[in-house]
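Written out below as structure tokens is the structure these notes cover.
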Amino acid sequence: MATFSPTVDAAVANLANPTSPVQFVICAFNENNQMDVVEGGEGSGGVKEVCEILDSKLQDKVATGSFLVTAVDDRGNTKSIRDKYVQFIWVGPKVGIINKAKVVSQSGSFKEKFFSVTSCSVQVRDVGDLSEKSLERALRSCGGSHQPTSYDFANRTKRD
């Protein structure tokens with residue numbers, strides 16, 4: 001089971017706050033073996049910025065987090081916009097075999113920390129796993145019978 005730094009609770013609360021500009025949170029193990037928000041791990045750049053951080057800073061880390069995707073349901077005469085949060089577990093390509101094996105027992109606590117803001121969860125081993133096509137497939141499989149007409153991965157669609 002993983003333990004989390006107190007800063008993570010504040011970051012998750014920020015992410016869940018609809019008036020906050022924060023659109024993602026990324027956490028990784030710190031020197032005290034606690035999950036903590038990484039440098040630059042809170043932001044408003046959507047999934048694109050999440051991929052940049054994972055690819056450039058966390059190749060040798062196990063990380064978890066969540067990011068916002070805007071679900072748009074535009075039926076012509078009515079338009080609904082909903083926030084969807086994708087929780088992820090990242091195992092960087094340079095993570096050692098022992099740390100990869102630990103993820104199995106840690107994944108429950110990773111998911112639990114972001115439970116309040118999770119629409120679906122994905123396992124990520126390569127930033128390609130966070131492509132719009134892959135994410136849309138995951139979101140649609142986690143959704144109910146009433147599906148949105150599209151997803152805005154840059155979160156530019158705003159409520160009227």
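Following the order of the structure tokens, chains are lettered A, B, ..., residues in each are numbered from 1, and ligands are numbered from 1.
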Applying 9 Å and only C-alpha atoms, which residues near Thr118 in chain A remain after dropping the ones on its own chain fewer than 2 positions away? List them as an mmCIF file with N, CA and C atoms, in the first residue's frame.
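Final output, saved to result.cif:
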data_model
loop_
_atom_site.group_PDB
_atom_site.id
_atom_site.type_symbol
_atom_site.label_atom_id
_atom_site.label_comp_id
_atom_site.auth_asym_id
_atom_site.auth_seq_id
_atom_site.Cartn_x
_atom_site.Cartn_y
_atom_site.Cartn_z
ATOM 1 N N SER A 66 -4.604 12.221 -12.076
ATOM 2 C CA SER A 66 -5.899 12.324 -12.726
ATOM 3 C C SER A 66 -5.907 13.587 -13.576
ATOM 4 N N PHE A 67 -6.646 13.553 -14.664
ATOM 5 C CA PHE A 67 -6.780 14.734 -15.500
ATOM 6 C C PHE A 67 -8.208 14.861 -16.002
ATOM 7 N N LYS A 84 -15.292 14.972 -16.891
ATOM 8 C CA LYS A 84 -14.917 13.570 -16.695
ATOM 9 C C LYS A 84 -13.446 13.558 -16.283
ATOM 10 N N TYR A 85 -13.137 12.780 -15.277
ATOM 11 C CA TYR A 85 -11.758 12.693 -14.797
ATOM 12 C C TYR A 85 -11.217 11.298 -15.058
ATOM 13 N N VAL A 86 -10.047 11.252 -15.670
ATOM 14 C CA VAL A 86 -9.392 9.990 -15.962
ATOM 15 C C VAL A 86 -8.251 9.818 -14.965
ATOM 16 N N GLN A 87 -8.344 8.784 -14.138
ATOM 17 C CA GLN A 87 -7.273 8.456 -13.201
ATOM 18 C C GLN A 87 -6.322 7.531 -13.935
ATOM 19 N N LYS A 111 -5.772 4.317 -6.787
ATOM 20 C CA LYS A 111 -7.135 4.578 -7.247
ATOM 21 C C LYS A 111 -7.993 5.192 -6.150
ATOM 22 N N PHE A 114 -7.764 9.039 -5.681
ATOM 23 C CA PHE A 114 -8.426 9.863 -6.697
ATOM 24 C C PHE A 114 -9.879 9.454 -6.928
ATOM 25 N N PHE A 115 -10.417 8.582 -6.070
ATOM 26 C CA PHE A 115 -11.758 8.036 -6.264
ATOM 27 C C PHE A 115 -12.828 9.115 -6.414
ATOM 28 N N SER A 116 -12.730 10.177 -5.626
ATOM 29 C CA SER A 116 -13.783 11.206 -5.639
ATOM 30 C C SER A 116 -13.866 11.945 -6.970
ATOM 31 N N CYS A 120 -13.061 7.172 -14.971
ATOM 32 C CA CYS A 120 -12.500 5.891 -15.396
ATOM 33 C C CYS A 120 -11.012 5.866 -15.063
ATOM 34 N N SER A 121 -10.444 4.663 -15.048
ATOM 35 C CA SER A 121 -9.031 4.475 -14.729
ATOM 36 C C SER A 121 -8.333 3.780 -15.882
#
Please identify which residues in chain A DSSP calls strand (DSSP E) from the backbone, and express them as a PyMOL selection string. chain A and resi 24-29+35-43+62-74+79-91+120-124+150-152
Extract, using only C-alpha atoms, all DNA, RNA and protein residues at most 10 Å from Asn33 in chain A, discarding same-chain residues fewer than 4 positions from it, and format them as an NGL selection string. :A and (2-5 or 28-29)
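Between CA of Ser150 in chain A and CA of Gln23 in chain A the interatomic distance comes to 18.3 Å.
Of the listed residues (A:Ser105, A:Ser20, A:Thr7, A:Asn14), A:Thr7 comes nearest to Val37 in chain A; the distances count only C-alpha atoms.
Considering the residues A:His146, A:Lys113, A:Lys100, A:Lys158 and counting only C-alpha atoms, Pro18 in chain A has its shortest atom-to-atom contact with A:Lys158.
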Arg156 in chain A environment, 10 Å, only C-alpha atoms, sequence neighbours closer than 5 positions dropped, as an NGL selection string: :A and (46 or 69-70)
Deliver the residues from the most recent selection as a file, using C-alpha atoms, as a PDB file, in the first residue's frame.
ATOM      1  CA  GLY A  46      -4.950  18.955 -20.105  1.00  0.00           C
ATOM      2  CA  VAL A  69     -11.625  15.671 -20.062  1.00  0.00           C
ATOM      3  CA  THR A  70     -14.740  17.628 -21.049  1.00  0.00           C
TER       4      THR A  70
END
Identify, with DSSP run on backbone atoms, the residues in chain A assigned to alpha helix (DSSP H), and express the list as a ChimeraX atom specification. /A:6-16,46-57,97-113,132-142
Expected file contents, prior selection, N, CA and C atoms, as a compact mmCIF listing (two decimals), in the first residue's frame:
# COMPACT_ATOMS: atom_id res chain seq x y z
N PRO A 6 0.69 14.93 2.56
CA PRO A 6 -0.51 15.78 2.76
C PRO A 6 -0.78 16.74 1.60
N THR A 7 0.22 17.07 0.82
CA THR A 7 0.01 17.99 -0.31
C THR A 7 -0.89 17.37 -1.38
N VAL A 8 -0.95 16.05 -1.42
CA VAL A 8 -1.76 15.38 -2.43
C VAL A 8 -3.25 15.64 -2.19
N ASP A 9 -3.68 15.60 -0.94
CA ASP A 9 -5.10 15.85 -0.64
C ASP A 9 -5.52 17.24 -1.11
N ALA A 10 -4.67 18.23 -0.88
CA ALA A 10 -4.97 19.60 -1.32
C ALA A 10 -5.02 19.67 -2.85
N ALA A 11 -4.12 18.97 -3.51
CA ALA A 11 -4.09 18.98 -4.98
C ALA A 11 -5.34 18.32 -5.56
N VAL A 12 -5.78 17.21 -4.96
CA VAL A 12 -6.99 16.52 -5.44
C VAL A 12 -8.21 17.40 -5.20
N ALA A 13 -8.25 18.08 -4.06
CA ALA A 13 -9.37 19.00 -3.78
C ALA A 13 -9.39 20.13 -4.80
N ASN A 14 -8.23 20.63 -5.16
CA ASN A 14 -8.13 21.67 -6.19
C ASN A 14 -8.65 21.16 -7.53
N LEU A 15 -8.27 19.95 -7.88
CA LEU A 15 -8.71 19.35 -9.14
C LEU A 15 -10.23 19.19 -9.16
N ALA A 16 -10.81 18.81 -8.05
CA ALA A 16 -12.26 18.57 -7.97
C ALA A 16 -13.08 19.85 -7.90
N GLY A 46 -4.24 20.15 -19.65
CA GLY A 46 -4.95 18.96 -20.10
C GLY A 46 -4.05 17.76 -20.32
N VAL A 47 -4.56 16.77 -21.03
CA VAL A 47 -3.84 15.52 -21.24
C VAL A 47 -2.53 15.74 -22.00
N LYS A 48 -2.48 16.74 -22.85
CA LYS A 48 -1.25 17.02 -23.61
C LYS A 48 -0.09 17.35 -22.66
N GLU A 49 -0.35 18.19 -21.68
CA GLU A 49 0.70 18.55 -20.73
C GLU A 49 1.04 17.36 -19.83
N VAL A 50 0.06 16.55 -19.47
CA VAL A 50 0.31 15.34 -18.68
C VAL A 50 1.30 14.45 -19.44
N CYS A 51 1.06 14.23 -20.72
CA CYS A 51 1.95 13.40 -21.54
C CYS A 51 3.36 13.97 -21.59
N GLU A 52 3.47 15.29 -21.73
CA GLU A 52 4.80 15.92 -21.77
C GLU A 52 5.56 15.69 -20.47
N ILE A 53 4.88 15.81 -19.34
CA ILE A 53 5.53 15.61 -18.04
C ILE A 53 5.94 14.15 -17.86
N LEU A 54 5.03 13.24 -18.17
CA LEU A 54 5.35 11.81 -18.04
C LEU A 54 6.54 11.45 -18.92
N ASP A 55 6.54 11.93 -20.15
CA ASP A 55 7.59 11.58 -21.11
C ASP A 55 8.93 12.23 -20.79
N SER A 56 8.92 13.45 -20.27
CA SER A 56 10.19 14.15 -20.05
C SER A 56 10.76 14.01 -18.64
N LYS A 57 9.91 13.81 -17.63
CA LYS A 57 10.40 13.82 -16.25
C LYS A 57 10.24 12.50 -15.49
N ILE A 97 12.29 -3.84 -12.48
CA ILE A 97 11.33 -4.94 -12.39
C ILE A 97 10.71 -5.05 -10.99
N ILE A 98 11.47 -4.80 -9.94
CA ILE A 98 10.94 -4.87 -8.57
C ILE A 98 9.86 -3.80 -8.37
N ASN A 99 10.14 -2.59 -8.80
CA ASN A 99 9.16 -1.51 -8.64
C ASN A 99 7.95 -1.72 -9.53
N LYS A 100 8.13 -2.32 -10.68
CA LYS A 100 6.98 -2.66 -11.54
C LYS A 100 6.08 -3.66 -10.82
N ALA A 101 6.68 -4.64 -10.16
CA ALA A 101 5.90 -5.66 -9.46
C ALA A 101 5.13 -5.06 -8.29
N LYS A 102 5.68 -4.06 -7.63
CA LYS A 102 5.01 -3.43 -6.49
C LYS A 102 3.73 -2.71 -6.89
N VAL A 103 3.63 -2.29 -8.14
CA VAL A 103 2.45 -1.53 -8.60
C VAL A 103 1.16 -2.32 -8.40
N VAL A 104 1.24 -3.64 -8.53
CA VAL A 104 0.05 -4.47 -8.36
C VAL A 104 -0.56 -4.25 -6.98
N SER A 105 0.26 -4.25 -5.94
CA SER A 105 -0.27 -4.08 -4.58
C SER A 105 -0.56 -2.62 -4.26
N GLN A 106 0.06 -1.68 -4.98
CA GLN A 106 -0.14 -0.26 -4.72
C GLN A 106 -1.31 0.33 -5.48
N SER A 107 -1.73 -0.31 -6.54
CA SER A 107 -2.74 0.29 -7.43
C SER A 107 -4.05 0.60 -6.71
N GLY A 108 -4.43 -0.20 -5.74
CA GLY A 108 -5.67 0.06 -5.00
C GLY A 108 -5.61 1.39 -4.26
N SER A 109 -4.49 1.66 -3.61
CA SER A 109 -4.37 2.94 -2.89
C SER A 109 -4.23 4.11 -3.86
N PHE A 110 -3.62 3.87 -5.02
CA PHE A 110 -3.54 4.93 -6.05
C PHE A 110 -4.96 5.32 -6.48
N LYS A 111 -5.77 4.32 -6.79
CA LYS A 111 -7.14 4.58 -7.25
C LYS A 111 -7.99 5.19 -6.15
N GLU A 112 -7.81 4.72 -4.92
CA GLU A 112 -8.60 5.23 -3.81
C GLU A 112 -8.35 6.73 -3.58
N LYS A 113 -7.12 7.18 -3.74
CA LYS A 113 -6.78 8.59 -3.50
C LYS A 113 -7.54 9.50 -4.47
N GLU A 132 -6.01 10.35 -27.84
CA GLU A 132 -7.44 10.68 -27.79
C GLU A 132 -8.29 9.47 -28.12
N LYS A 133 -7.86 8.68 -29.08
CA LYS A 133 -8.62 7.49 -29.48
C LYS A 133 -8.70 6.49 -28.33
N SER A 134 -7.57 6.23 -27.67
CA SER A 134 -7.55 5.29 -26.54
C SER A 134 -8.40 5.80 -25.38
N LEU A 135 -8.27 7.10 -25.09
CA LEU A 135 -9.03 7.67 -23.98
C LEU A 135 -10.52 7.68 -24.27
N GLU A 136 -10.90 8.00 -25.50
CA GLU A 136 -12.33 7.99 -25.83
C GLU A 136 -12.91 6.59 -25.67
N ARG A 137 -12.16 5.59 -26.10
CA ARG A 137 -12.61 4.20 -25.96
C ARG A 137 -12.80 3.86 -24.47
N ALA A 138 -11.84 4.25 -23.62
CA ALA A 138 -11.93 3.98 -22.19
C ALA A 138 -13.11 4.72 -21.55
N LEU A 139 -13.27 5.99 -21.91
CA LEU A 139 -14.38 6.77 -21.35
C LEU A 139 -15.73 6.21 -21.77
N ARG A 140 -15.85 5.83 -23.02
CA ARG A 140 -17.12 5.28 -23.49
C ARG A 140 -17.43 3.93 -22.84
N SER A 141 -16.39 3.13 -22.59
CA SER A 141 -16.64 1.83 -21.96
C SER A 141 -17.01 1.98 -20.48
N CYS A 142 -16.59 3.08 -19.85
CA CYS A 142 -16.93 3.33 -18.45
C CYS A 142 -18.25 4.08 -18.30
Can you work out the spacing between CA of Gly40 in chain A and CA of Asp129 in chain A in Å, to one decimal? 21.0 Å
Between CA of Gln147 in chain A and CA of Gly45 in chain A lies a distance of 24.7 Å
